[in-house]
Amino acid sequence: MKSTQAIASYAYTNAKVTEDKTYAVGNRLEDVPKNQASLWTTYELQNGDFKGLGFGLGLFYVGTWAGDLDNSFEVPDYLRTDAAIYYRRDALKAAINIRNLFDTEYFVDSNGTRARVKTGAPFTIIASISWEF
């Protein structure tokens with residue numbers, strides 16, 4: 001395993017109504033952002049007393065999207081940051097994962113109406129430990 005790893009992604013989605021009797025042709029589809037990007041990096045110590053100790057940091061960007069098929073409102077973009085501290089040694093694995101490190105308010109679904117826009121998860125810590133045998 002390398003000491004430093006990075007994974008990056010980007011998606012451009014141009015989802016629009018192309019033919020319909022109810023909604024205007026050209027309207028954006030609801031809950032589909034045009035732009036999304038992510039970057040996840042990790043660094044793990046390879047030598048010494050702390051060999052197997054690692055750190056991770058992730059950035060997740062979601063662009064604006066139409067909240068309904070009428071395109072009567074737009075849901076704002078957001079940037080969420082996640083982090084991790086982990087330890088791997090032989091059969092032992094332990095981790096602390098932090099989601100939404102800065103407790104950013106963001107939205108994940110509109111259900112086609114302003115009144116039912118769902119917020120994403122707040123600052124969350126998840127700890128895990130495992131032993132493989």
# chains A, B, ... in the order shown; residues from 1 in each chain; ligands from 1
>>> residues_around(residues="segment 44-53 of chain A", least_positions_apart="5", cutoff="9 Å", atoms="only C-alpha atoms", output="PyMOL selection string")
chain A and resi 1-5+85-89
>>> residues_around(residues="Leu57 of chain A", least_positions_apart="4", cutoff="9 Å", atoms="only C-alpha atoms", output="list in words")
Leu39, Trp40, Thr41, Thr42, Thr81, Asp82, Ala83 and Ala84 of chain A
>>> closest_residue(among="A:Leu59, A:Pro76, A:Gly26, A:Ser130", to="Leu101 of chain A", atoms="only C-alpha atoms")
A:Leu59
>>> closest_atom_pairs(of="segment 55-89 of chain A", to="segment 102-115 of chain A", cutoff="9 Å", atoms="only C-alpha atoms", output="JSON lines")
{"residue": "A:Ala66", "atom": "CA", "partner": "A:Ser110", "partner_atom": "CA", "distance": 8.7}
{"residue": "A:Gly67", "atom": "CA", "partner": "A:Ser110", "partner_atom": "CA", "distance": 5.5}
{"residue": "A:Asp68", "atom": "CA", "partner": "A:Gly112", "partner_atom": "CA", "distance": 4.4}
{"residue": "A:Leu69", "atom": "CA", "partner": "A:Gly112", "partner_atom": "CA", "distance": 7.1}
{"residue": "A:Phe73", "atom": "CA", "partner": "A:Arg114", "partner_atom": "CA", "distance": 7.6}
{"residue": "A:Val75", "atom": "CA", "partner": "A:Phe107", "partner_atom": "CA", "distance": 7.3}
{"residue": "A:Pro76", "atom": "CA", "partner": "A:Phe107", "partner_atom": "CA", "distance": 7.8}
{"residue": "A:Asp77", "atom": "CA", "partner": "A:Tyr106", "partner_atom": "CA", "distance": 7.8}
{"residue": "A:Tyr78", "atom": "CA", "partner": "A:Tyr106", "partner_atom": "CA", "distance": 6.1}
{"residue": "A:Leu79", "atom": "CA", "partner": "A:Thr104", "partner_atom": "CA", "distance": 7.8}
{"residue": "A:Arg80", "atom": "CA", "partner": "A:Thr104", "partner_atom": "CA", "distance": 6.4}
{"residue": "A:Thr81", "atom": "CA", "partner": "A:Phe102", "partner_atom": "CA", "distance": 6.8}
{"residue": "A:Asp82", "atom": "CA", "partner": "A:Phe102", "partner_atom": "CA", "distance": 8.5}
>>> closest_residue(among="A:Ile98, A:Ala121, A:Ala15, A:Val62", to="Gln36 of chain A", atoms="only C-alpha atoms")
A:Val62
>>> select_by_dssp(residues="segment 43-80 of chain A", states="strand (DSSP E or B)", output="VMD selection string")
chain A and resid 43 to 44 53 to 62 65 to 66 74 to 75 78 to 80
>>> closest_residue(among="A:Ser9, A:Thr22, A:Asn71, A:Thr124", to="Ala37 of chain A", atoms="only C-alpha atoms")
A:Ser9
>>> atom_distance(atom1="atom CA of Phe55 of chain A", atom2="atom CA of Phe123 of chain A")
18.0 Å
>>> atom_distance(atom1="atom CA of Asn97 of chain A", atom2="atom CA of Ala127 of chain A")
6.3 Å
>>> atom_distance(atom1="atom CA of Tyr12 of chain A", atom2="atom CA of Lys34 of chain A")
5.3 Å
>>> closest_residue(among="A:Asp31, A:Glu132, A:Asp70, A:Asp20", to="Asp90 of chain A", atoms="only C-alpha atoms")
A:Glu132
>>> closest_residue(among="A:Asn14, A:Ile7, A:Gly58, A:Ser128", to="Asn100 of chain A", atoms="only C-alpha atoms")
A:Gly58
>>> decode(residues="segment 105-124 of chain A", atoms="N, CA and C atoms", output="PDB file, in the first residue's frame")
ATOM      1  N   GLU A 105     -24.966  23.183   6.243  1.00  0.00           N
ATOM      2  CA  GLU A 105     -26.351  22.874   5.901  1.00  0.00           C
ATOM      3  C   GLU A 105     -26.420  22.661   4.390  1.00  0.00           C
ATOM      4  N   TYR A 106     -26.946  21.510   4.001  1.00  0.00           N
ATOM      5  CA  TYR A 106     -27.079  21.210   2.581  1.00  0.00           C
ATOM      6  C   TYR A 106     -28.354  20.411   2.352  1.00  0.00           C
ATOM      7  N   PHE A 107     -28.754  20.338   1.087  1.00  0.00           N
ATOM      8  CA  PHE A 107     -30.020  19.711   0.736  1.00  0.00           C
ATOM      9  C   PHE A 107     -29.777  18.533  -0.196  1.00  0.00           C
ATOM     10  N   VAL A 108     -30.540  17.453   0.014  1.00  0.00           N
ATOM     11  CA  VAL A 108     -30.307  16.223  -0.750  1.00  0.00           C
ATOM     12  C   VAL A 108     -31.481  15.804  -1.633  1.00  0.00           C
ATOM     13  N   ASP A 109     -32.661  16.371  -1.415  1.00  0.00           N
ATOM     14  CA  ASP A 109     -33.841  15.958  -2.180  1.00  0.00           C
ATOM     15  C   ASP A 109     -34.920  17.023  -2.028  1.00  0.00           C
ATOM     16  N   SER A 110     -35.673  17.266  -3.095  1.00  0.00           N
ATOM     17  CA  SER A 110     -36.733  18.275  -2.998  1.00  0.00           C
ATOM     18  C   SER A 110     -38.127  17.665  -3.022  1.00  0.00           C
ATOM     19  N   ASN A 111     -38.244  16.421  -3.429  1.00  0.00           N
ATOM     20  CA  ASN A 111     -39.556  15.782  -3.564  1.00  0.00           C
ATOM     21  C   ASN A 111     -40.495  16.601  -4.447  1.00  0.00           C
ATOM     22  N   GLY A 112     -39.913  17.416  -5.323  1.00  0.00           N
ATOM     23  CA  GLY A 112     -40.711  18.177  -6.283  1.00  0.00           C
ATOM     24  C   GLY A 112     -41.462  19.369  -5.731  1.00  0.00           C
ATOM     25  N   THR A 113     -41.155  19.783  -4.498  1.00  0.00           N
ATOM     26  CA  THR A 113     -41.849  20.931  -3.912  1.00  0.00           C
ATOM     27  C   THR A 113     -40.968  21.631  -2.878  1.00  0.00           C
ATOM     28  N   ARG A 114     -41.092  22.952  -2.776  1.00  0.00           N
ATOM     29  CA  ARG A 114     -40.316  23.721  -1.795  1.00  0.00           C
ATOM     30  C   ARG A 114     -40.577  23.258  -0.367  1.00  0.00           C
ATOM     31  N   ALA A 115     -41.800  22.867  -0.104  1.00  0.00           N
ATOM     32  CA  ALA A 115     -42.202  22.520   1.260  1.00  0.00           C
ATOM     33  C   ALA A 115     -41.575  21.220   1.765  1.00  0.00           C
ATOM     34  N   ARG A 116     -41.007  20.416   0.866  1.00  0.00           N
ATOM     35  CA  ARG A 116     -40.488  19.119   1.285  1.00  0.00           C
ATOM     36  C   ARG A 116     -39.015  18.911   0.955  1.00  0.00           C
ATOM     37  N   VAL A 117     -38.258  19.996   0.862  1.00  0.00           N
ATOM     38  CA  VAL A 117     -36.824  19.882   0.602  1.00  0.00           C
ATOM     39  C   VAL A 117     -36.157  19.271   1.841  1.00  0.00           C
ATOM     40  N   LYS A 118     -35.404  18.192   1.631  1.00  0.00           N
ATOM     41  CA  LYS A 118     -34.755  17.477   2.748  1.00  0.00           C
ATOM     42  C   LYS A 118     -33.324  17.955   2.925  1.00  0.00           C
ATOM     43  N   THR A 119     -32.964  18.184   4.192  1.00  0.00           N
ATOM     44  CA  THR A 119     -31.584  18.559   4.491  1.00  0.00           C
ATOM     45  C   THR A 119     -30.730  17.305   4.634  1.00  0.00           C
ATOM     46  N   GLY A 120     -29.432  17.479   4.381  1.00  0.00           N
ATOM     47  CA  GLY A 120     -28.480  16.392   4.547  1.00  0.00           C
ATOM     48  C   GLY A 120     -28.124  16.207   6.015  1.00  0.00           C
ATOM     49  N   ALA A 121     -27.386  15.155   6.295  1.00  0.00           N
ATOM     50  CA  ALA A 121     -27.004  14.822   7.670  1.00  0.00           C
ATOM     51  C   ALA A 121     -26.085  15.888   8.263  1.00  0.00           C
ATOM     52  N   PRO A 122     -26.261  16.191   9.539  1.00  0.00           N
ATOM     53  CA  PRO A 122     -25.386  17.164  10.196  1.00  0.00           C
ATOM     54  C   PRO A 122     -24.028  16.524  10.524  1.00  0.00           C
ATOM     55  N   PHE A 123     -23.187  17.262  11.235  1.00  0.00           N
ATOM     56  CA  PHE A 123     -21.909  16.746  11.728  1.00  0.00           C
ATOM     57  C   PHE A 123     -22.144  15.391  12.396  1.00  0.00           C
ATOM     58  N   THR A 124     -21.410  14.380  11.951  1.00  0.00           N
ATOM     59  CA  THR A 124     -21.610  13.021  12.457  1.00  0.00           C
ATOM     60  C   THR A 124     -20.262  12.342  12.657  1.00  0.00           C
TER      61      THR A 124
END
